[in-house]
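A.B. asks: Quick one: structure below, then a few questions.
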Amino acid sequence: MLKKISILLALLTAMLLPYPARAAKSSAAQVVNAISNVLAKSPAIEAKFTLRQPGQPLTTGSAVIQGKKFTLNVPAMRVWFDGKTQWTYSKDAAEVNITEPDAAELAETNPLTIITSSAKGCKARRLDAAKGTDRVELTPTTKGSFTKAVVTSDATTNFLREIVVTMNDGSRVIITFDSMKKIAKKPDSYFRFDKKAAPSAQIVDLR
């Protein structure tokens with residue numbers, strides 16, 4: 001669950017980067033850049049989402065993204081990432097794991113970062129879309145945790161509406177954004193674990 005939910009954050013973080021200049025003239029690149037720009041130019045973004053995957057109950061959650069920093073809150077866990085250190089609180093295990101993930105690990109284990117490494121490491125192809133929306137297919141140029149991601153955005157606001165990720169095993173993870181909005185910039189402490197959030201949890205430092 002953590003790995004698949006976290007692909008959402010990987011995608012969103014990657015979307016914060018401009019798409020490679022070599023694709024600048026393609027309509028697909030323009031869509032990706034439009035999404036990137038609205039996210040990058042916002043003080044912070046708050047997103048509420050629903051995640052669906054075969055054989056699993058619906059998972060609803062929320063995330064706040066501010067540059068490379070983010071927080072994630074879903075029923076089974078909470079994640080804080082301050083740009084260097086990540087704290088992952090598993091509610092069932094009553095345990096907080098502290099790590100310093102590299103770019104590859106972030107792409108494997110974090111929900112709203114297939115969007116730091118993905119925008120530069122994917123080919124983009126524009127797809128037909130319903131009125132008022134844009135759709136782009138992102139295909140990794142090197143083997144990773146997924147084979148493709150189809151990103152749907154609002155054609156007016158450029159906020160994300162849906163990401164459909166096809167995993168290496170052929171299964172699909174569907175992330176629907178129930179809402180996405182700009183919010184005021186958060187202090188750095190907002191993206192770091194505070195013991196008050198889980199006072200009885202065991203702290204496991206894996207750095």
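In the structure tokens, the first chain shown is A, the next is B, and so on; residue numbers restart at 1 for each chain, and ligands run from 1 in the order shown.
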When you look at region 45-62 of chain A with a cut-off of 9 Å (counting only C-alpha atoms), what residues show up, excluding the ones that are within fewer than 3 positions of it in the same chain? I need them as an mmCIF file with C-alpha atoms, in the first residue's frame.

C.D. replies:
```cif
data_model
loop_
_atom_site.group_PDB
_atom_site.id
_atom_site.type_symbol
_atom_site.label_atom_id
_atom_site.label_comp_id
_atom_site.auth_asym_id
_atom_site.auth_seq_id
_atom_site.Cartn_x
_atom_site.Cartn_y
_atom_site.Cartn_z
ATOM 1 C CA ILE A 5 0.163 5.335 -2.623
ATOM 2 C CA LEU A 39 2.106 23.707 -9.122
ATOM 3 C CA SER A 42 1.807 28.203 -6.021
ATOM 4 C CA ILE A 65 2.984 19.836 -1.446
ATOM 5 C CA GLN A 66 5.391 22.748 -1.196
ATOM 6 C CA THR A 71 2.918 15.676 3.859
ATOM 7 C CA LEU A 72 0.556 12.759 3.225
ATOM 8 C CA ASN A 73 -2.339 11.582 5.343
ATOM 9 C CA VAL A 74 -4.286 8.360 4.620
ATOM 10 C CA PRO A 75 -6.124 6.084 7.063
ATOM 11 C CA LEU A 112 1.481 13.102 -4.525
ATOM 12 C CA GLU A 162 -6.827 11.897 -12.290
ATOM 13 C CA SER A 171 -2.179 -3.882 -12.193
ATOM 14 C CA ARG A 172 -3.534 -0.345 -12.218
ATOM 15 C CA VAL A 173 -3.702 2.278 -9.503
ATOM 16 C CA ILE A 174 -6.267 5.032 -10.083
ATOM 17 C CA ILE A 175 -5.872 8.284 -8.194
ATOM 18 C CA THR A 176 -8.818 10.679 -8.515
ATOM 19 C CA PHE A 177 -8.338 14.197 -7.213
ATOM 20 C CA ASP A 178 -11.507 15.238 -5.429
ATOM 21 C CA SER A 179 -10.076 18.718 -4.956
ATOM 22 C CA MET A 180 -6.840 20.608 -5.509
ATOM 23 C CA LYS A 181 -6.223 24.194 -4.491
ATOM 24 C CA LYS A 182 -3.547 26.755 -3.739
ATOM 25 C CA ILE A 183 -2.955 27.487 -0.058
ATOM 26 C CA ALA A 184 -0.663 29.767 1.935
ATOM 27 C CA LYS A 185 2.967 28.749 2.379
#
```

A.B. asks: Hey, which of A:Thr147, A:Gln202, A:Thr152, A:Asn37 ends up closest to Asn97 (chain A)? Count only C-alpha atoms.

C.D. replies: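 Looking at the shortest contact to Asn97 (chain A), the residue is A:Gln202.
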
A.B. asks: With only C-alpha atoms as the basis for distance, which of A:Gln30, A:Ala40, A:Val151, A:Phe70 is at the shortest distance from Phe193 (chain A)?

C.D. replies: A:Phe70

A.B. asks: Work out how far apart CA of Phe146 (chain A) and CA of Ser90 (chain A) are and give it in Å to one decimal.

C.D. replies: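 CA of Ser90 (chain A) lies 24.1 Å from CA of Phe146 (chain A).
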
A.B. asks: Skip Ala93 (chain A) itself and residues of its chain fewer than 3 positions away, then list as number ranges by chain all residues within 12 Å of it, counting only C-alpha atoms.

C.D. replies: A: 76-77, 88-90, 96-97, 198, 200-204

A.B. asks: With all heavy atoms retained, could you export that selection as a CSV table (one decimal), in the first residue's frame?

C.D. replies:
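File written: selection-v7.csv
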```
chain,number,residue,atom,x,y,z
A,76,ALA,N,-4.2,4.6,6.9
A,76,ALA,CA,-3.2,3.6,7.5
A,76,ALA,C,-1.9,4.3,7.9
A,76,ALA,O,-1.1,3.7,8.6
A,76,ALA,CB,-2.9,2.5,6.5
A,77,MET,N,-1.6,5.5,7.4
A,77,MET,CA,-0.3,6.1,7.7
A,77,MET,C,-0.3,7.6,7.4
A,77,MET,O,-1.2,8.1,6.8
A,77,MET,CB,0.7,5.4,6.8
A,77,MET,CG,0.6,5.8,5.3
A,77,MET,SD,1.9,5.2,4.3
A,77,MET,CE,1.6,5.9,2.7
A,88,THR,N,7.8,8.2,8.3
A,88,THR,CA,6.6,7.5,7.9
A,88,THR,C,6.0,6.8,9.2
A,88,THR,O,6.6,5.9,9.8
A,88,THR,CB,7.0,6.4,6.9
A,88,THR,OG1,7.6,7.0,5.8
A,88,THR,CG2,5.7,5.6,6.5
A,89,TYR,N,4.8,7.2,9.5
A,89,TYR,CA,4.1,6.7,10.7
A,89,TYR,C,3.1,5.7,10.3
A,89,TYR,O,2.1,6.0,9.6
A,89,TYR,CB,3.4,7.9,11.5
A,89,TYR,CG,2.5,7.4,12.5
A,89,TYR,CD1,2.8,6.4,13.4
A,89,TYR,CD2,1.2,8.0,12.7
A,89,TYR,CE1,1.9,6.0,14.4
A,89,TYR,CE2,0.3,7.7,13.7
A,89,TYR,CZ,0.7,6.6,14.5
A,89,TYR,OH,-0.2,6.2,15.5
A,90,SER,N,3.3,4.4,10.7
A,90,SER,CA,2.3,3.3,10.4
A,90,SER,C,1.4,3.2,11.6
A,90,SER,O,1.9,2.9,12.7
A,90,SER,CB,3.1,2.0,10.2
A,90,SER,OG,2.1,0.9,10.2
A,96,VAL,N,7.2,4.8,13.9
A,96,VAL,CA,7.6,5.9,13.0
A,96,VAL,C,9.0,5.5,12.4
A,96,VAL,O,10.0,5.4,13.2
A,96,VAL,CB,7.7,7.2,13.7
A,96,VAL,CG1,8.2,8.3,12.7
A,96,VAL,CG2,6.3,7.6,14.1
A,97,ASN,N,9.1,5.3,11.1
A,97,ASN,CA,10.4,5.0,10.5
A,97,ASN,C,11.0,6.3,10.0
A,97,ASN,O,10.3,7.1,9.2
A,97,ASN,CB,10.3,4.0,9.4
A,97,ASN,CG,10.0,2.6,9.9
A,97,ASN,OD1,10.4,2.3,11.0
A,97,ASN,ND2,9.3,1.8,9.1
A,198,ALA,N,2.0,11.4,17.3
A,198,ALA,CA,1.9,10.0,17.7
A,198,ALA,C,2.8,9.8,18.9
A,198,ALA,O,3.8,9.2,18.9
A,198,ALA,CB,2.4,9.1,16.5
A,200,SER,N,2.7,7.8,21.4
A,200,SER,CA,3.0,6.4,21.9
A,200,SER,C,3.8,5.6,20.9
A,200,SER,O,4.1,4.4,21.1
A,200,SER,CB,1.7,5.7,22.3
A,200,SER,OG,0.8,5.6,21.2
A,201,ALA,N,4.1,6.2,19.7
A,201,ALA,CA,4.7,5.4,18.6
A,201,ALA,C,6.2,5.2,18.9
A,201,ALA,O,6.9,6.0,19.5
A,201,ALA,CB,4.5,6.1,17.3
A,202,GLN,N,6.7,4.0,18.5
A,202,GLN,CA,8.1,3.7,18.6
A,202,GLN,C,8.8,4.4,17.5
A,202,GLN,O,8.4,4.3,16.3
A,202,GLN,CB,8.3,2.2,18.6
A,202,GLN,CG,9.8,1.8,18.7
A,202,GLN,CD,10.0,0.3,18.6
A,202,GLN,OE1,9.1,-0.5,18.4
A,202,GLN,NE2,11.3,-0.1,18.6
A,203,ILE,N,10.0,5.0,17.8
A,203,ILE,CA,10.7,5.7,16.7
A,203,ILE,C,11.9,4.8,16.3
A,203,ILE,O,12.7,4.3,17.1
A,203,ILE,CB,11.3,7.0,17.3
A,203,ILE,CG1,10.2,7.9,17.9
A,203,ILE,CG2,12.1,7.7,16.2
A,203,ILE,CD1,9.2,8.3,16.9
A,204,VAL,N,11.9,4.5,15.0
A,204,VAL,CA,13.0,3.6,14.4
A,204,VAL,C,13.8,4.5,13.4
A,204,VAL,O,13.3,4.8,12.3
A,204,VAL,CB,12.3,2.4,13.7
A,204,VAL,CG1,13.5,1.5,13.1
A,204,VAL,CG2,11.5,1.6,14.6
```

A.B. asks: Could you give me the residues within region 17-183 of chain A that DSSP places in alpha helix (DSSP H), as an MDAnalysis selection string?

C.D. replies: chainID A and resid 27:40 103:109 117:120

A.B. asks: Go through A:Asp154, A:Glu95, A:Asp188, A:Asp128 and flag the residue nearest Gly83 (chain A), using only C-alpha atoms for the distances.

C.D. replies: A:Asp188

A.B. asks: Nearest to Ala129 (chain A): which of A:Ala63, A:Ala149, A:Ala155, A:Ser189 is it, counting only C-alpha atoms?

C.D. replies: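 For Ala129 (chain A), the nearest of the given residues is A:Ala155.
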